[in-house]
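Student: So here's query-v3.cif, just mmCIF, C-alpha atoms:
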data_run
loop_
_atom_site.label_atom_id
_atom_site.label_comp_id
_atom_site.auth_asym_id
_atom_site.auth_seq_id
_atom_site.Cartn_x
_atom_site.Cartn_y
_atom_site.Cartn_z
CA MET V 10 -16.12 63.64 73.67
CA SER V 11 -15.15 66.94 75.24
CA SER V 12 -15.92 69.28 78.06
CA PRO V 13 -17.53 72.45 76.71
CA LEU V 14 -14.59 74.58 77.85
CA ARG V 15 -12.41 75.90 75.03
CA ARG V 16 -9.07 74.35 76.04
CA CYS V 17 -10.68 70.90 76.14
CA ARG V 18 -12.48 71.37 72.85
CA GLN V 19 -9.21 72.47 71.22
CA THR V 20 -7.38 69.41 72.56
CA ALA V 21 -10.24 67.13 71.52
CA GLN V 22 -10.30 68.70 68.06
CA ALA V 23 -6.56 68.09 67.59
CA ALA V 24 -6.98 64.42 68.51
CA ALA V 25 -10.15 64.06 66.42
CA HIS V 26 -8.48 65.61 63.38
CA ARG V 27 -5.61 63.14 63.61
CA LEU V 28 -8.05 60.23 64.00
CA GLY V 29 -10.51 61.43 61.35
CA LEU V 30 -13.32 61.83 63.88
CA ASP V 31 -15.73 64.53 64.99
CA VAL V 32 -15.86 66.11 68.44
CA ALA V 33 -19.03 66.01 70.48
CA VAL V 34 -19.47 68.16 73.58
CA GLU V 35 -20.77 66.74 76.85
CA GLU V 36 -21.74 69.59 79.17
CA ASP V 37 -21.45 67.44 82.29
CA LEU V 38 -17.73 66.86 81.72
CA ARG V 39 -16.95 70.49 82.64
CA GLU V 40 -14.70 71.29 85.58
CA THR V 41 -16.06 71.95 89.05
CA ASP V 42 -17.58 75.38 89.57
CA PHE V 43 -15.34 76.79 92.29
CA GLY V 44 -17.52 79.86 92.85
CA ALA V 45 -15.59 82.74 94.44
CA TRP V 46 -12.49 80.53 94.48
CA GLU V 47 -12.14 80.51 90.66
CA GLY V 48 -8.67 81.62 89.66
CA LEU V 49 -7.31 81.51 93.20
CA THR V 50 -4.52 79.28 94.44
CA PHE V 51 -5.08 76.85 97.29
CA LYS V 52 -3.03 79.21 99.47
CA ASP V 53 -5.20 82.21 98.48
CA VAL V 54 -8.39 80.33 99.36
CA ARG V 55 -6.91 79.18 102.67
CA GLU V 56 -6.07 82.83 103.53
CA ARG V 57 -9.34 84.42 102.31
CA HIS V 58 -11.89 81.74 103.22
CA PRO V 59 -10.32 79.50 105.91
CA ASP V 60 -13.58 78.27 107.47
CA ASP V 61 -15.14 77.48 104.09
CA MET V 62 -11.94 75.74 102.98
CA ASN V 63 -11.91 73.58 106.11
CA ALA V 64 -15.57 72.64 105.57
CA TRP V 65 -14.89 71.82 101.90
CA LEU V 66 -11.94 69.61 102.79
CA ALA V 67 -13.96 67.85 105.50
CA SER V 68 -17.13 67.07 103.57
CA PRO V 69 -18.01 66.26 99.95
CA GLU V 70 -21.32 68.03 100.62
CA ALA V 71 -19.63 71.41 101.24
CA ALA V 72 -19.45 73.80 98.31
CA PRO V 73 -16.86 76.51 97.67
CA THR V 74 -17.72 80.05 98.74
CA GLY V 75 -20.02 82.02 96.48
CA GLY V 76 -22.21 79.37 94.91
CA GLY V 77 -19.56 76.84 93.95
CA GLU V 78 -20.26 73.16 93.37
CA SER V 79 -19.80 70.45 96.01
CA PHE V 80 -17.97 67.25 95.14
CA THR V 81 -21.26 65.43 95.69
CA ALA V 82 -22.88 67.57 92.98
CA VAL V 83 -19.91 67.04 90.66
CA ALA V 84 -20.06 63.28 91.19
CA ALA V 85 -23.76 63.21 90.31
CA ARG V 86 -23.33 65.08 87.04
CA VAL V 87 -20.16 63.20 86.05
CA ALA V 88 -21.86 59.87 86.79
CA GLY V 89 -24.70 60.98 84.52
CA ALA V 90 -22.24 61.75 81.72
CA ARG V 91 -20.51 58.40 82.28
CA ASP V 92 -23.84 56.57 82.10
CA ARG V 93 -24.82 58.31 78.86
CA LEU V 94 -21.43 57.58 77.31
CA THR V 95 -21.32 53.93 78.31
CA ALA V 96 -24.88 53.44 77.01
CA GLY V 97 -24.32 55.37 73.79
CA PHE V 98 -20.94 53.87 72.95
CA ARG V 99 -21.30 50.34 74.30
CA GLY V 100 -18.37 48.17 73.24
CA ARG V 101 -16.46 51.11 71.75
CA THR V 102 -13.48 53.18 72.79
CA VAL V 103 -14.23 56.81 73.63
CA LEU V 104 -11.64 59.54 74.12
CA VAL V 105 -12.88 61.95 76.78
CA VAL V 106 -11.12 65.31 77.13
CA SER V 107 -11.98 66.83 80.47
CA HIS V 108 -10.55 68.34 83.65
CA VAL V 109 -8.93 67.24 86.90
CA THR V 110 -12.03 66.85 89.08
CA PRO V 111 -14.24 65.06 86.53
CA ILE V 112 -11.40 62.66 85.65
CA LYS V 113 -10.59 61.97 89.29
CA THR V 114 -14.31 61.49 89.90
CA LEU V 115 -14.56 58.91 87.10
CA VAL V 116 -11.60 57.06 88.63
CA ARG V 117 -13.06 57.27 92.14
CA LEU V 118 -16.42 55.95 90.98
CA ALA V 119 -14.78 53.14 88.97
CA LEU V 120 -12.85 52.07 92.07
CA GLY V 121 -15.80 52.44 94.42
CA ALA V 122 -13.57 54.71 96.50
CA PRO V 123 -14.86 57.29 98.98
CA PRO V 124 -15.03 61.00 98.05
CA GLU V 125 -11.85 61.83 99.99
CA ALA V 126 -9.94 59.71 97.45
CA LEU V 127 -10.09 62.78 95.18
CA PHE V 128 -7.44 64.38 97.38
CA ARG V 129 -5.19 61.33 97.08
CA MET V 130 -4.77 61.34 93.30
CA GLU V 131 -2.44 63.43 91.19
CA LEU V 132 -3.21 64.30 87.58
CA ALA V 133 -0.75 66.14 85.37
CA ALA V 134 -1.91 68.39 82.55
CA ALA V 135 -2.34 66.40 79.32
CA SER V 136 -2.03 63.09 81.18
CA LEU V 137 -3.95 60.01 80.08
CA THR V 138 -6.17 57.90 82.32
CA THR V 139 -7.82 54.75 81.01
CA ILE V 140 -10.96 53.17 82.45
CA ALA V 141 -12.72 50.13 80.99
CA TYR V 142 -16.45 49.80 81.58
CA TYR V 143 -18.16 46.42 81.27
CA ALA V 144 -21.69 45.44 80.32
CA ASP V 145 -22.36 44.15 83.85
CA GLY V 146 -21.70 47.62 85.30
CA ASN V 147 -18.22 46.92 86.62
CA ALA V 148 -15.25 49.08 85.74
CA SER V 149 -11.48 48.68 85.79
CA VAL V 150 -8.94 51.48 86.03
CA ARG V 151 -6.21 50.47 83.58
CA SER V 152 -3.98 53.52 83.93
CA LEU V 153 -3.88 56.76 85.88
CA ASN V 154 -1.95 59.95 85.14
CA GLU V 155 0.08 58.43 82.29
CA THR V 156 2.54 61.03 80.96
CA ALA V 157 5.10 59.03 78.94
CA HIS V 158 3.74 60.57 75.71
CA LEU V 159 4.80 64.03 76.95
CA ARG V 160 8.51 63.19 77.07
#
Kindly transcribe the structure held in the file into structure tokens.

Tutor:
Amino acid sequence: MSSPLRRCRQTAQAAAHRLGLDVAVEEDLRETDFGAWEGLTFKDVRERHPDDMNAWLASPEAAPTGGGESFTAVAARVAGARDRLTAGFRGRTVLVVSHVTPIKTLVRLALGAPPEALFRMELAAASLTTIAYYADGNASVRSLNETAHLR
């Protein structure tokens, strides 16, 4: 399962080819829409939009400048994707290729952690995170930000 963005689809396709599987796209696994902040560094945003940045850091309801997506909105769409995947692939292992915020959101939701937990997790590029979902609705985070395979 992949985000619709090209770099994720390419990564998913490489894994699927090796495993003899097909890649399906899940639109709701895309990265957060950062609005006018797209392509900017944290420092750039802090300099150009300090009040909006402060609001965004203080509340999951605040969206980035220029029509970006709040963390509350991201959590709702990622939870929807999670629910569709757990229902559609019950009892099976699913490789999801996505982005930092959706992955952190899946972890946060699995842990029942508050939205500010997103700022307390680190995810490296091409890292692996494993979450087990159970029939009773519970979840268990088995690994986070695993990078041993990159060495």

Student: From the list V:Val106, V:Leu38, V:Ala126, V:Leu120, which residue is nearest V:Ala148 when using only C-alpha atoms?

Tutor: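 Using only C-alpha atoms, V:Ala148 sits closest to V:Leu120.
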
Student: Counting all atoms listed in the file, which residues sit no farther than 8 Å from the position (-3.8, 53.3, 82.8) in the file's frame? I'd like them as a PyMOL selection string.

Tutor: chain V and resi 137-140+150-155

Student: Next, dump the selected residues to file, keeping only C-alpha atoms, as a short mmCIF file (atom, residue, chain, number, x, y, z; two decimals), in the frame of the given file.

Tutor:
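The file below, out25.cif, is the result:
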data_model
loop_
_atom_site.label_atom_id
_atom_site.label_comp_id
_atom_site.auth_asym_id
_atom_site.auth_seq_id
_atom_site.Cartn_x
_atom_site.Cartn_y
_atom_site.Cartn_z
CA LEU V 137 -3.95 60.01 80.08
CA THR V 138 -6.17 57.90 82.32
CA THR V 139 -7.82 54.75 81.01
CA ILE V 140 -10.96 53.17 82.45
CA VAL V 150 -8.94 51.48 86.03
CA ARG V 151 -6.21 50.47 83.58
CA SER V 152 -3.98 53.52 83.93
CA LEU V 153 -3.88 56.76 85.88
CA ASN V 154 -1.95 59.95 85.14
CA GLU V 155 0.08 58.43 82.29
#

Student: Please evaluate the PyMOL selection byres ((chain V and resi 130) around 10) against the displayed coordinates and give the resulting residues as a short mmCIF file (atom, residue, chain, number, x, y, z; two decimals) with C-alpha atoms, keeping the file's coordinate frame.

Tutor:
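Contents of the output file selection34.cif:
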data_model
loop_
_atom_site.label_atom_id
_atom_site.label_comp_id
_atom_site.auth_asym_id
_atom_site.auth_seq_id
_atom_site.Cartn_x
_atom_site.Cartn_y
_atom_site.Cartn_z
CA VAL V 109 -8.93 67.24 86.90
CA LYS V 113 -10.59 61.97 89.29
CA VAL V 116 -11.60 57.06 88.63
CA ARG V 117 -13.06 57.27 92.14
CA GLU V 125 -11.85 61.83 99.99
CA ALA V 126 -9.94 59.71 97.45
CA LEU V 127 -10.09 62.78 95.18
CA PHE V 128 -7.44 64.38 97.38
CA ARG V 129 -5.19 61.33 97.08
CA GLU V 131 -2.44 63.43 91.19
CA LEU V 132 -3.21 64.30 87.58
CA LEU V 153 -3.88 56.76 85.88
CA ASN V 154 -1.95 59.95 85.14
#

Student: Would you kindly translate the PyMOL selection byres ((chain V and resi 37) around 8) into the concrete residues it picks from this file, as a list in words?

Tutor: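 Expected selection for the PyMOL selection byres ((chain V and resi 37) around 8) here is Ser12, Glu35, Glu36, Leu38, Arg39, Arg86, Val87, Gly89 and Ala90 of chain V.
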
Student: Between atom CA of V:Ala96 and atom CA of V:Ala144, what is the distance in Å, rounded to a tenth?

Tutor: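 Taking atom CA of V:Ala96 as the start and atom CA of V:Ala144 as the end point, the length is 9.2 Å.
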
Student: Using the chain letters and numbers from the file, which residues does the PyMOL selection byres ((chain V and resi 16-24) around 9) grab, as a PDB file with C-alpha atoms, in the coordinates of the input?

Tutor:
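Output (out.pdb):
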ATOM      1  CA  MET V  10     -16.120  63.640  73.670  1.00  0.00           C
ATOM      2  CA  SER V  11     -15.150  66.940  75.240  1.00  0.00           C
ATOM      3  CA  SER V  12     -15.920  69.280  78.060  1.00  0.00           C
ATOM      4  CA  PRO V  13     -17.530  72.450  76.710  1.00  0.00           C
ATOM      5  CA  LEU V  14     -14.590  74.580  77.850  1.00  0.00           C
ATOM      6  CA  ARG V  15     -12.410  75.900  75.030  1.00  0.00           C
ATOM      7  CA  ALA V  25     -10.150  64.060  66.420  1.00  0.00           C
ATOM      8  CA  HIS V  26      -8.480  65.610  63.380  1.00  0.00           C
ATOM      9  CA  ARG V  27      -5.610  63.140  63.610  1.00  0.00           C
ATOM     10  CA  LEU V  28      -8.050  60.230  64.000  1.00  0.00           C
ATOM     11  CA  GLY V  29     -10.510  61.430  61.350  1.00  0.00           C
ATOM     12  CA  LEU V  30     -13.320  61.830  63.880  1.00  0.00           C
ATOM     13  CA  ASP V  31     -15.730  64.530  64.990  1.00  0.00           C
ATOM     14  CA  VAL V  32     -15.860  66.110  68.440  1.00  0.00           C
ATOM     15  CA  ALA V  33     -19.030  66.010  70.480  1.00  0.00           C
ATOM     16  CA  VAL V  34     -19.470  68.160  73.580  1.00  0.00           C
ATOM     17  CA  LEU V 104     -11.640  59.540  74.120  1.00  0.00           C
ATOM     18  CA  VAL V 105     -12.880  61.950  76.780  1.00  0.00           C
ATOM     19  CA  VAL V 106     -11.120  65.310  77.130  1.00  0.00           C
ATOM     20  CA  SER V 107     -11.980  66.830  80.470  1.00  0.00           C
ATOM     21  CA  HIS V 108     -10.550  68.340  83.650  1.00  0.00           C
ATOM     22  CA  ALA V 135      -2.340  66.400  79.320  1.00  0.00           C
TER      23      ALA V 135
END

Student: So, counting all atoms listed in the file, which residue among V:Ser68, V:Thr95, V:Thr156, V:Thr102 is closest to V:Thr81?

Tutor: V:Ser68

Student: Which one of V:His158, V:Ala67, V:Asp61, V:Gly75 sits closest to V:Ala45 if you count all atoms listed in the file?

Tutor: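 Closest to V:Ala45, using all atoms listed in the file: V:Gly75.
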
Student: As an exercise, work out the distance from atom CA of V:Asp60 to atom CA of V:Trp46 in Å and give it to one decimal place.

Tutor: 13.2 Å

Student: My list of candidates is V:Val54, V:Ala134, V:Leu118, V:Ala88. Which is closest to V:Thr74 when distances are computed with all atoms listed in the file?

Tutor: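 Comparing V:Val54, V:Ala134, V:Leu118, V:Ala88 against V:Thr74, the winner is V:Val54.
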